[in-house]
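This is coords_7.pdb (PDB, C-alpha atoms).
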ATOM      1  CA  MET Y  30      29.275  -3.763   0.358
ATOM      2  CA  ARG Y  31      27.281  -2.701   3.411
ATOM      3  CA  GLY Y  32      25.856  -5.144   5.997
ATOM      4  CA  GLY Y  33      26.648  -8.068   3.679
ATOM      5  CA  ALA Y  34      24.617  -6.595   0.791
ATOM      6  CA  ILE Y  35      26.057  -5.574  -2.555
ATOM      7  CA  LEU Y  36      25.159  -2.003  -3.382
ATOM      8  CA  PRO Y  37      23.796  -1.447  -6.896
ATOM      9  CA  CYS Y  38      26.159   0.233  -9.340
ATOM     10  CA  MET Y  39      24.970   3.730 -10.161
ATOM     11  CA  PRO Y  40      24.630   4.367 -13.913
ATOM     12  CA  SER Y  41      27.230   6.701 -15.367
ATOM     13  CA  ALA Y  42      26.548   9.131 -18.170
ATOM     14  CA  PRO Y  43      27.155   7.769 -21.690
ATOM     15  CA  ARG Y  44      30.722   8.272 -22.920
ATOM     16  CA  ILE Y  45      32.583   8.364 -26.209
ATOM     17  CA  SER Y  46      36.298   8.258 -26.985
ATOM     18  CA  PRO Y  47      38.038  10.816 -29.227
ATOM     19  CA  SER Y  48      39.015   7.890 -31.452
ATOM     20  CA  ASP Y  49      35.311   7.313 -32.173
ATOM     21  CA  ILE Y  50      35.197  10.403 -34.395
ATOM     22  CA  PHE Y  51      38.795  11.653 -34.832
ATOM     23  CA  THR Y  52      42.040  10.239 -36.071
ATOM     24  CA  ALA Y  53      44.980  10.559 -33.693
ATOM     25  CA  GLU Y  54      46.461  13.272 -35.915
ATOM     26  CA  ALA Y  55      43.234  15.273 -36.005
ATOM     27  CA  TRP Y  56      42.776  14.986 -32.236
ATOM     28  CA  THR Y  57      46.265  16.175 -31.223
ATOM     29  CA  PRO Y  58      45.679  19.957 -31.712
ATOM     30  CA  PHE Y  59      42.758  19.933 -29.281
ATOM     31  CA  GLN Y  60      45.082  18.777 -26.506
ATOM     32  CA  SER Y  61      47.380  21.782 -26.984
ATOM     33  CA  ARG Y  62      47.905  23.464 -23.619
ATOM     34  CA  PRO Y  63      50.509  26.266 -23.779
ATOM     35  CA  ALA Y  64      51.776  27.147 -20.301
ATOM     36  CA  TRP Y  65      50.926  30.833 -20.667
ATOM     37  CA  LYS Y  66      47.285  30.676 -21.793
ATOM     38  CA  GLY Y  67      45.617  29.727 -18.501
ATOM     39  CA  PRO Y  68      47.437  32.350 -16.402
ATOM     40  CA  LEU Y  69      46.803  34.918 -19.147
ATOM     41  CA  LEU Y  70      43.058  34.300 -18.924
ATOM     42  CA  VAL Y  71      43.162  35.010 -15.182
ATOM     43  CA  VAL Y  72      45.121  38.217 -15.838
ATOM     44  CA  HIS Y  73      42.638  39.155 -18.558
ATOM     45  CA  CYS Y  74      39.658  38.636 -16.251
ATOM     46  CA  TRP Y  75      41.099  40.806 -13.504
ATOM     47  CA  GLY Y  76      42.244  43.359 -16.081
ATOM     48  CA  VAL Y  77      38.702  43.748 -17.397
ATOM     49  CA  ILE Y  78      37.379  44.106 -13.848
ATOM     50  CA  ALA Y  79      40.008  46.745 -13.012
ATOM     51  CA  LEU Y  80      39.309  48.722 -16.194
ATOM     52  CA  ALA Y  81      35.560  48.599 -15.585
ATOM     53  CA  ILE Y  82      36.017  49.842 -12.005
ATOM     54  CA  ALA Y  83      38.267  52.638 -13.269
ATOM     55  CA  ALA Y  84      35.713  53.572 -15.944
ATOM     56  CA  GLY Y  85      32.924  53.705 -13.367
ATOM     57  CA  VAL Y  86      35.004  55.892 -11.062
ATOM     58  CA  TRP Y  87      36.000  58.166 -13.941
ATOM     59  CA  GLN Y  88      32.482  58.527 -15.338
ATOM     60  CA  PRO Y  89      29.782  57.462 -12.845
ATOM     61  CA  ILE Y  90      27.214  57.611 -15.633
ATOM     62  CA  LEU Y  91      28.846  54.395 -16.915
ATOM     63  CA  ILE Y  92      28.189  52.504 -13.670
ATOM     64  CA  PRO Y  93      25.157  50.520 -14.972
ATOM     65  CA  VAL Y  94      27.210  49.163 -17.889
ATOM     66  CA  CYS Y  95      30.215  48.599 -15.611
ATOM     67  CA  VAL Y  96      28.026  46.603 -13.217
ATOM     68  CA  MET Y  97      27.087  44.249 -16.054
ATOM     69  CA  VAL Y  98      30.677  43.948 -17.279
ATOM     70  CA  ILE Y  99      32.043  43.273 -13.783
ATOM     71  CA  GLY Y 100      29.243  40.856 -12.879
ATOM     72  CA  THR Y 101      29.970  38.901 -16.046
ATOM     73  CA  ARG Y 102      33.691  38.769 -15.180
ATOM     74  CA  GLN Y 103      32.823  37.613 -11.667
ATOM     75  CA  LEU Y 104      31.107  34.740 -13.474
ATOM     76  CA  GLY Y 105      34.310  34.575 -15.519
ATOM     77  CA  LEU Y 106      36.272  33.952 -12.313
ATOM     78  CA  ALA Y 107      33.892  31.083 -11.488
ATOM     79  CA  ILE Y 108      34.369  29.720 -15.014
ATOM     80  CA  LEU Y 109      38.148  29.853 -14.655
ATOM     81  CA  MET Y 110      37.807  28.097 -11.282
ATOM     82  CA  HIS Y 111      35.890  25.442 -13.213
ATOM     83  CA  GLU Y 112      38.770  25.246 -15.684
ATOM     84  CA  ALA Y 113      41.179  24.761 -12.772
ATOM     85  CA  ALA Y 114      38.952  21.945 -11.463
ATOM     86  CA  HIS Y 115      39.854  20.148 -14.697
ATOM     87  CA  GLY Y 116      43.530  21.073 -14.345
ATOM     88  CA  GLY Y 117      43.233  23.491 -17.253
ATOM     89  CA  LEU Y 118      44.836  26.688 -15.972
ATOM     90  CA  SER Y 119      48.340  25.245 -15.702
ATOM     91  CA  ARG Y 120      50.129  21.938 -16.169
ATOM     92  CA  ASN Y 121      51.885  22.778 -12.904
ATOM     93  CA  LEU Y 122      49.438  21.448 -10.327
ATOM     94  CA  ARG Y 123      50.499  23.903  -7.632
ATOM     95  CA  LEU Y 124      50.128  26.888  -9.935
ATOM     96  CA  ASN Y 125      46.818  25.532 -11.236
ATOM     97  CA  GLY Y 126      45.560  25.204  -7.655
ATOM     98  CA  PHE Y 127      46.814  28.634  -6.624
ATOM     99  CA  LEU Y 128      45.276  30.418  -9.603
ATOM    100  CA  GLY Y 129      42.015  28.488  -9.427
ATOM    101  CA  HIS Y 130      41.495  28.877  -5.680
ATOM    102  CA  TRP Y 131      43.030  32.152  -4.554
ATOM    103  CA  LEU Y 132      42.587  34.293  -7.668
ATOM    104  CA  CYS Y 133      39.347  32.806  -9.025
ATOM    105  CA  ALA Y 134      37.328  30.946  -6.367
ATOM    106  CA  VAL Y 135      37.953  32.929  -3.180
ATOM    107  CA  PRO Y 136      37.054  36.374  -4.631
ATOM    108  CA  VAL Y 137      33.557  35.104  -5.497
ATOM    109  CA  GLY Y 138      33.113  33.115  -2.287
ATOM    110  CA  ALA Y 139      33.898  29.611  -3.527
ATOM    111  CA  SER Y 140      36.422  26.878  -2.758
ATOM    112  CA  LEU Y 141      38.241  24.984  -5.508
ATOM    113  CA  ASP Y 142      38.844  21.971  -3.263
ATOM    114  CA  ALA Y 143      35.140  21.717  -2.421
ATOM    115  CA  TYR Y 144      33.975  22.418  -5.967
ATOM    116  CA  ARG Y 145      36.184  19.887  -7.791
ATOM    117  CA  PRO Y 146      34.703  16.593  -6.459
ATOM    118  CA  TYR Y 147      31.179  17.950  -6.743
ATOM    119  CA  HIS Y 148      31.768  19.000 -10.336
ATOM    120  CA  LEU Y 149      33.458  15.767 -11.374
ATOM    121  CA  ALA Y 150      30.432  13.911  -9.992
ATOM    122  CA  HIS Y 151      28.306  16.067 -12.284
ATOM    123  CA  HIS Y 152      30.380  14.916 -15.255
ATOM    124  CA  ARG Y 153      30.271  11.281 -14.206
ATOM    125  CA  PHE Y 154      26.492  11.212 -13.779
ATOM    126  CA  ALA Y 155      25.437  14.006 -16.154
ATOM    127  CA  GLN Y 156      21.633  14.164 -16.317
ATOM    128  CA  GLN Y 157      21.303  10.900 -14.383
ATOM    129  CA  PRO Y 158      19.392  10.845 -11.064
ATOM    130  CA  GLU Y 159      22.738  10.909  -9.223
ATOM    131  CA  ASP Y 160      23.856  14.097 -10.988
ATOM    132  CA  PRO Y 161      24.163  16.809  -8.284
ATOM    133  CA  ASP Y 162      23.219  19.395 -10.930
ATOM    134  CA  VAL Y 163      20.118  17.671 -12.251
ATOM    135  CA  MET Y 164      17.852  19.758 -10.023
ATOM    136  CA  LEU Y 165      18.971  22.861 -11.934
ATOM    137  CA  SER Y 166      17.580  21.600 -15.232
ATOM    138  CA  ALA Y 167      14.750  19.314 -14.072
ATOM    139  CA  PRO Y 168      12.153  22.078 -13.407
ATOM    140  CA  PHE Y 169      12.343  23.418 -16.961
ATOM    141  CA  PRO Y 170      10.465  24.391 -18.973
ATOM    142  CA  VAL Y 171       8.638  26.784 -16.682
ATOM    143  CA  SER Y 172       6.126  29.506 -17.384
ATOM    144  CA  ARG Y 173       7.264  32.961 -18.438
ATOM    145  CA  ALA Y 174       5.958  34.346 -15.161
ATOM    146  CA  SER Y 175       8.039  31.845 -13.177
ATOM    147  CA  LEU Y 176      11.191  32.693 -15.132
ATOM    148  CA  ARG Y 177      10.555  36.418 -14.674
ATOM    149  CA  ARG Y 178      10.220  35.902 -10.908
ATOM    150  CA  LYS Y 179      13.521  34.025 -10.766
ATOM    151  CA  MET Y 180      15.326  36.730 -12.745
ATOM    152  CA  PHE Y 181      13.715  39.459 -10.639
ATOM    153  CA  ARG Y 182      15.010  37.788  -7.461
ATOM    154  CA  ASP Y 183      18.482  37.731  -8.991
ATOM    155  CA  LEU Y 184      18.518  41.367 -10.102
ATOM    156  CA  THR Y 185      17.100  42.673  -6.816
ATOM    157  CA  GLY Y 186      19.679  40.909  -4.657
ATOM    158  CA  GLN Y 187      17.275  38.391  -3.124
ATOM    159  CA  THR Y 188      19.194  35.383  -4.481
ATOM    160  CA  PHE Y 189      22.453  36.860  -3.200
ATOM    161  CA  PHE Y 190      20.946  37.488   0.233
ATOM    162  CA  LYS Y 191      19.707  33.899   0.506
ATOM    163  CA  GLN Y 192      23.055  32.481  -0.654
ATOM    164  CA  ARG Y 193      25.375  34.708   1.344
ATOM    165  CA  VAL Y 194      23.353  35.437   4.496
ATOM    166  CA  LEU Y 195      20.386  33.127   5.126
ATOM    167  CA  LEU Y 196      21.970  29.860   4.039
ATOM    168  CA  PRO Y 197      25.245  30.328   5.966
ATOM    169  CA  LEU Y 198      23.217  31.196   9.065
ATOM    170  CA  ALA Y 199      21.096  28.088   8.542
ATOM    171  CA  ALA Y 200      24.260  26.011   8.150
ATOM    172  CA  LEU Y 201      25.608  27.387  11.423
ATOM    173  CA  ARG Y 202      22.390  26.288  13.098
ATOM    174  CA  GLY Y 203      22.746  22.841  11.563
ATOM    175  CA  ARG Y 204      19.970  23.206   9.002
ATOM    176  CA  SER Y 205      20.334  23.015   5.240
ATOM    177  CA  GLY Y 206      18.509  25.313   2.881
ATOM    178  CA  ARG Y 207      15.950  24.232   0.331
ATOM    179  CA  GLY Y 208      15.236  25.197  -3.249
ATOM    180  CA  ASP Y 209      17.375  26.077  -6.239
ATOM    181  CA  GLU Y 210      19.109  28.960  -4.445
ATOM    182  CA  ALA Y 211      20.220  26.543  -1.724
ATOM    183  CA  HIS Y 212      21.667  24.265  -4.384
ATOM    184  CA  ASP Y 213      23.586  27.144  -5.982
ATOM    185  CA  TYR Y 214      25.106  27.970  -2.621
ATOM    186  CA  ASP Y 215      26.113  24.393  -1.814
ATOM    187  CA  ALA Y 216      27.506  23.740  -5.287
ATOM    188  CA  VAL Y 217      29.354  26.925  -6.143
ATOM    189  CA  VAL Y 218      29.321  29.345  -3.211
ATOM    190  CA  THR Y 219      30.172  26.483  -0.932
ATOM    191  CA  GLY Y 220      30.503  28.222   2.399
ATOM    192  CA  ARG Y 221      33.874  26.532   2.945
ATOM    193  CA  SER Y 222      35.666  29.701   1.921
ATOM    194  CA  VAL Y 223      33.672  32.246   3.934
ATOM    195  CA  ALA Y 224      36.619  33.521   5.982
ATOM    196  CA  ALA Y 225      38.881  33.882   2.955
ATOM    197  CA  PHE Y 226      36.035  35.551   1.027
ATOM    198  CA  LEU Y 227      35.487  38.098   3.787
ATOM    199  CA  ILE Y 228      39.221  38.772   4.125
ATOM    200  CA  PHE Y 229      39.583  39.299   0.381
ATOM    201  CA  ASN Y 230      36.664  41.728   0.285
ATOM    202  CA  ALA Y 231      37.937  43.599   3.323
ATOM    203  CA  GLY Y 232      41.285  43.936   1.594
ATOM    204  CA  LEU Y 233      39.661  45.200  -1.598
ATOM    205  CA  LEU Y 234      37.633  47.741   0.389
ATOM    206  CA  ALA Y 235      40.781  48.889   2.195
ATOM    207  CA  MET Y 236      42.675  49.282  -1.079
ATOM    208  CA  LEU Y 237      39.922  51.316  -2.707
ATOM    209  CA  SER Y 238      39.609  53.417   0.456
ATOM    210  CA  LEU Y 239      43.321  54.205   0.310
ATOM    211  CA  LEU Y 240      42.781  55.353  -3.275
ATOM    212  CA  GLY Y 241      40.009  57.646  -2.042
ATOM    213  CA  VAL Y 242      37.177  55.804  -3.790
ATOM    214  CA  TRP Y 243      35.777  53.597  -1.020
ATOM    215  CA  TRP Y 244      32.325  53.838  -2.589
ATOM    216  CA  ALA Y 245      33.569  51.959  -5.665
ATOM    217  CA  PHE Y 246      33.700  48.767  -3.608
ATOM    218  CA  PHE Y 247      29.948  48.901  -3.059
ATOM    219  CA  ALA Y 248      28.930  50.282  -6.475
ATOM    220  CA  LEU Y 249      31.418  48.433  -8.668
ATOM    221  CA  TRP Y 250      32.198  45.170  -6.862
ATOM    222  CA  PHE Y 251      29.509  44.353  -4.315
ATOM    223  CA  LEU Y 252      26.563  45.526  -6.452
ATOM    224  CA  PRO Y 253      27.556  43.407  -9.486
ATOM    225  CA  MET Y 254      28.055  40.390  -7.228
ATOM    226  CA  ALA Y 255      24.629  40.888  -5.657
ATOM    227  CA  THR Y 256      22.727  41.407  -8.927
ATOM    228  CA  TRP Y 257      24.236  40.670 -12.324
ATOM    229  CA  PHE Y 258      26.445  37.764 -11.218
ATOM    230  CA  PRO Y 259      23.477  35.704  -9.890
ATOM    231  CA  LEU Y 260      21.484  36.494 -13.028
ATOM    232  CA  VAL Y 261      24.128  35.386 -15.529
ATOM    233  CA  THR Y 262      24.912  32.353 -13.359
ATOM    234  CA  ARG Y 263      21.259  31.350 -13.667
ATOM    235  CA  LEU Y 264      21.317  31.941 -17.429
ATOM    236  CA  ARG Y 265      24.425  29.780 -17.679
ATOM    237  CA  ASN Y 266      22.772  26.972 -15.702
ATOM    238  CA  ILE Y 267      19.645  27.079 -17.856
ATOM    239  CA  ALA Y 268      21.540  27.171 -21.144
ATOM    240  CA  GLU Y 269      23.832  24.276 -20.297
ATOM    241  CA  HIS Y 270      21.315  21.492 -19.610
ATOM    242  CA  ALA Y 271      17.693  22.605 -19.448
ATOM    243  CA  CYS Y 272      15.246  21.242 -22.038
ATOM    244  CA  VAL Y 273      17.724  18.980 -23.852
ATOM    245  CA  GLU Y 274      15.888  15.820 -24.878
ATOM    246  CA  GLY Y 275      17.792  12.533 -24.796
ATOM    247  CA  SER Y 276      20.531  13.966 -22.591
ATOM    248  CA  ALA Y 277      20.593  10.950 -20.260
ATOM    249  CA  ASP Y 278      21.131   8.455 -23.084
ATOM    250  CA  ASP Y 279      23.225  10.115 -25.789
ATOM    251  CA  ALA Y 280      26.721  11.506 -25.097
ATOM    252  CA  PHE Y 281      26.242  14.013 -27.926
ATOM    253  CA  ARG Y 282      23.169  15.399 -26.158
ATOM    254  CA  ALA Y 283      24.485  15.571 -22.588
ATOM    255  CA  ALA Y 284      24.470  19.375 -22.755
ATOM    256  CA  ARG Y 285      23.669  22.324 -24.989
ATOM    257  CA  THR Y 286      26.011  24.589 -26.904
ATOM    258  CA  THR Y 287      24.786  28.152 -27.395
ATOM    259  CA  ARG Y 288      26.141  30.223 -30.264
ATOM    260  CA  ALA Y 289      26.998  33.492 -28.524
ATOM    261  CA  SER Y 290      27.299  36.830 -30.286
ATOM    262  CA  GLY Y 291      29.876  39.431 -29.282
ATOM    263  CA  TRP Y 292      27.533  41.199 -26.881
ATOM    264  CA  GLU Y 293      26.535  37.891 -25.291
ATOM    265  CA  ARG Y 294      30.182  36.959 -24.734
ATOM    266  CA  ALA Y 295      30.742  40.356 -23.116
ATOM    267  CA  PHE Y 296      27.661  40.399 -20.881
ATOM    268  CA  ILE Y 297      26.586  36.758 -20.370
ATOM    269  CA  ALA Y 298      29.045  34.041 -21.450
ATOM    270  CA  PRO Y 299      32.777  34.762 -21.084
ATOM    271  CA  TYR Y 300      35.661  32.382 -21.729
ATOM    272  CA  TRP Y 301      33.831  30.046 -24.123
ATOM    273  CA  VAL Y 302      31.466  28.754 -21.430
ATOM    274  CA  ASN Y 303      28.751  28.584 -24.097
ATOM    275  CA  PHE Y 304      30.439  25.537 -25.692
ATOM    276  CA  HIS Y 305      29.100  23.172 -23.068
ATOM    277  CA  ALA Y 306      28.174  20.197 -25.226
ATOM    278  CA  GLU Y 307      31.790  19.939 -26.390
ATOM    279  CA  HIS Y 308      33.013  20.251 -22.824
ATOM    280  CA  HIS Y 309      30.879  17.321 -21.715
ATOM    281  CA  LEU Y 310      32.040  15.196 -24.619
ATOM    282  CA  PHE Y 311      35.728  15.835 -23.915
ATOM    283  CA  MET Y 312      36.098  17.554 -20.558
ATOM    284  CA  HIS Y 313      39.891  17.780 -20.628
ATOM    285  CA  VAL Y 314      40.036  19.950 -23.740
ATOM    286  CA  PRO Y 315      41.053  23.448 -22.563
ATOM    287  CA  CYS Y 316      38.354  26.087 -22.891
ATOM    288  CA  TRP Y 317      40.182  28.114 -25.554
ATOM    289  CA  ASN Y 318      40.103  25.103 -27.909
ATOM    290  CA  LEU Y 319      36.344  24.580 -27.598
ATOM    291  CA  PRO Y 320      35.283  26.778 -30.570
ATOM    292  CA  ARG Y 321      37.557  24.840 -32.912
ATOM    293  CA  LEU Y 322      36.404  21.558 -31.366
ATOM    294  CA  HIS Y 323      32.795  22.617 -31.955
ATOM    295  CA  ARG Y 324      33.410  23.102 -35.670
ATOM    296  CA  ALA Y 325      35.231  19.783 -35.952
ATOM    297  CA  ILE Y 326      32.512  17.790 -34.153
ATOM    298  CA  ARG Y 327      29.670  19.425 -36.080
ATOM    299  CA  ALA Y 328      31.381  18.378 -39.307
ATOM    300  CA  THR Y 329      30.876  14.722 -38.339
ATOM    301  CA  GLU Y 330      27.649  12.749 -38.676
ATOM    302  CA  PRO Y 331      27.250  12.079 -34.912
ATOM    303  CA  GLY Y 332      27.905  15.769 -34.234
ATOM    304  CA  GLN Y 333      24.669  16.648 -35.997
ATOM    305  CA  ARG Y 334      22.813  15.235 -32.982
ATOM    306  CA  MET Y 335      24.198  17.926 -30.677
ATOM    307  CA  GLU Y 336      21.788  20.439 -29.170
ATOM    308  CA  VAL Y 337      22.788  23.873 -30.478
ATOM    309  CA  ALA Y 338      20.905  27.111 -29.772
ATOM    310  CA  ASN Y 339      21.284  30.327 -31.721
ATOM    311  CA  GLY Y 340      21.762  32.648 -28.775
ATOM    312  CA  TYR Y 341      20.550  33.027 -25.211
ATOM    313  CA  ILE Y 342      17.237  34.580 -26.219
ATOM    314  CA  GLU Y 343      16.354  31.310 -27.957
ATOM    315  CA  VAL Y 344      17.383  29.364 -24.844
ATOM    316  CA  LEU Y 345      15.140  31.497 -22.637
ATOM    317  CA  ARG Y 346      12.202  31.042 -25.001
ATOM    318  CA  ARG Y 347      12.563  27.260 -24.710
ATOM    319  CA  ALA Y 348      13.026  27.439 -20.949
ATOM    320  CA  ALA Y 349       9.856  29.529 -20.532
ATOM    321  CA  SER Y 350       7.654  27.596 -22.971
ATOM    322  CA  ARG Y 351       5.353  25.974 -20.397
ATOM    323  CA  SER Y 352       1.821  27.308 -20.263
ATOM    324  CA  ALA Y 353       0.991  29.165 -17.040
TER     325      ALA Y 353
END

Would you write out, as structure tokens, the structure that this file holds?
Amino acid sequence: MRGGAILPCMPSAPRISPSDIFTAEAWTPFQSRPAWKGPLLVVHCWGVIALAIAAGVWQPILIPVCVMVIGTRQLGLAILMHEAAHGGLSRNLRLNGFLGHWLCAVPVGASLDAYRPYHLAHHRFAQQPEDPDVMLSAPFPVSRASLRRKMFRDLTGQTFFKQRVLLPLAALRGRSGRGDEAHDYDAVVTGRSVAAFLIFNAGLLAMLSLLGVWWAFFALWFLPMATWFPLVTRLRNIAEHACVEGSADDAFRAARTTRASGWERAFIAPYWVNFHAEHHLFMHVPCWNLPRLHRAIRATEPGQRMEVANGYIEVLRRAASRSA
């Protein structure tokens, strides 16, 4: 109540209960959360990054491939931060917070504490006007030329420059940015972890300098973050919600699932992030159980209503289907 008036209740996204489609016995396996799996995923992500840096140092001719691998695992860190926002990295809340913030969020310039309430609001109001992410999907479909321009800005570092330089400077001057890049910064690269982000990167540069490969910081950490990471983040955003009809009214169509091939999992969609429709249906199912959950839901009659794409190329074709 404000000034004696009753504020209207904002509509929440449609919901279903596991009991609507599963028996209690069938549902139990999807809640399995072994203590070691979340921490192991964090170790795996950093292990892939370390191996890719080592490969690029060993054979510089591999640097273009290493940039794509590392940029995808930088997205992987953001995905694991997302998992921590749902309490999925560890049943121990302190360990979950430590892994999600210091080992996943901070290295890519984010803050778990700032991201969690924003993201939970996205789940509560998915594809409703109050959804803080709705502006990511609302412009689509766009023309092919528009999509090419967006991807070009990502790959040339322009998106990174706006997020990491122009928008923080605007925030310091008390002005907010505008456009989809401004939203990406506010939502994921929140600016509340700038000091920690800079300290982490300074430490990484110092460590690589001590190893005699200072240049690897710029070629195999900074370059992926400035190019491939923004690109695959955009592809993730498009694939999850853009061009899904009926998403505001049907819980089974709140998001899209994209069937990802091996190369797509390696270079675009790590850690089962492509199973987004299942995540929106049951957001507390840990990410490693999403493929099995996908098969189980699709075997039901309501599950046939889910939006499923056969790869990211198909998603991009739908997203760029508007006539110029």

Residues matched by the PyMOL selection byres ((chain Y and resi 302) around 10) as a PyMOL selection string: chain Y and resi 104-105+108-109+111-112+265+269+286-287+289+294+297-301+303-306+308+316-317+319

Residues matched by the PyMOL selection byres ((chain Y and resi 275-278) around 8) as a tab-separated table (two decimals) with C-alpha atoms, in the frame of the given file:
chain	number	residue	atom	x	y	z
Y	42	ALA	CA	26.55	9.13	-18.17
Y	43	PRO	CA	27.16	7.77	-21.69
Y	155	ALA	CA	25.44	14.01	-16.15
Y	156	GLN	CA	21.63	14.16	-16.32
Y	157	GLN	CA	21.30	10.90	-14.38
Y	273	VAL	CA	17.72	18.98	-23.85
Y	274	GLU	CA	15.89	15.82	-24.88
Y	279	ASP	CA	23.22	10.12	-25.79
Y	280	ALA	CA	26.72	11.51	-25.10
Y	281	PHE	CA	26.24	14.01	-27.93
Y	282	ARG	CA	23.17	15.40	-26.16
Y	283	ALA	CA	24.48	15.57	-22.59
Y	284	ALA	CA	24.47	19.38	-22.76

Name all residues at most 10 Å from Phe296 of chain Y (count all atoms listed in the file; drop same-chain ones fewer than 6 positions away) and give them as a PyMOL selection string. chain Y and resi 94+96-102+104+257+261

Evaluate the PyMOL selection byres ((chain Y and resi 170-177) around 6) against this structure - the residues, as JSON, numbers by chain, please. {"Y": [169, 178, 179, 180, 181, 348, 349, 350, 351, 352, 353]}

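Of the listed residues Y:Gln333, Y:Ser290, Y:Asn318, Y:Thr256, the one whose atoms come nearest to Pro93 of chain Y is Y:Thr256, with distances taken using only C-alpha atoms.
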
Neighbour list for Ala225 of chain Y as a list in words, cut-off 12 Å, all atoms listed in the file, skip fewer than 4 positions in-chain: His130, Trp131, Leu132, Ala134, Val135, Pro136, Val137, Gly138, Ala139, Ser140, Gly220, Arg221, Phe229, Asn230, Ala231 and Gly232 of chain Y

Between atom CA of Met110 of chain Y and atom CA of Cys133 of chain Y, distance in Å (one decimal):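 Result for atom CA of Met110 of chain Y versus atom CA of Cys133 of chain Y: 5.4 Å, one decimal.
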
Out of Y:Ala245, Y:Met254, Y:Ile267, Y:Ile342, which residue has the shortest atom-to-atom distance to Val86 of chain Y when counting only C-alpha atoms?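 The closest residue to Val86 of chain Y is Y:Ala245.
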
The distance between atom CA of Leu234 of chain Y and atom CA of Phe246 of chain Y is 5.7 Å

Show which residues sit within 9 Å of Pro315 of chain Y, as a list in words. Count only C-alpha atoms, and ignore same-chain residues fewer than 3 positions away. Phe59, Gln60, Ser61, Arg62, Gly67, Glu112, His115, Gly116, Gly117, Leu118, His308, Met312, Asn318 and Leu319 of chain Y

Can you tell me how far atom CA of Ala325 of chain Y sits from atom CA of Ala53 of chain Y, in Å to one decimal? 13.6 Å

Identify which of the residues Y:Gly241, Y:Gly291, Y:Gly129, Y:Pro259 lies closest to Thr188 of chain Y, counting all atoms listed in the file when measuring atom-to-atom distances.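 For Thr188 of chain Y, the nearest of the given residues is Y:Pro259.
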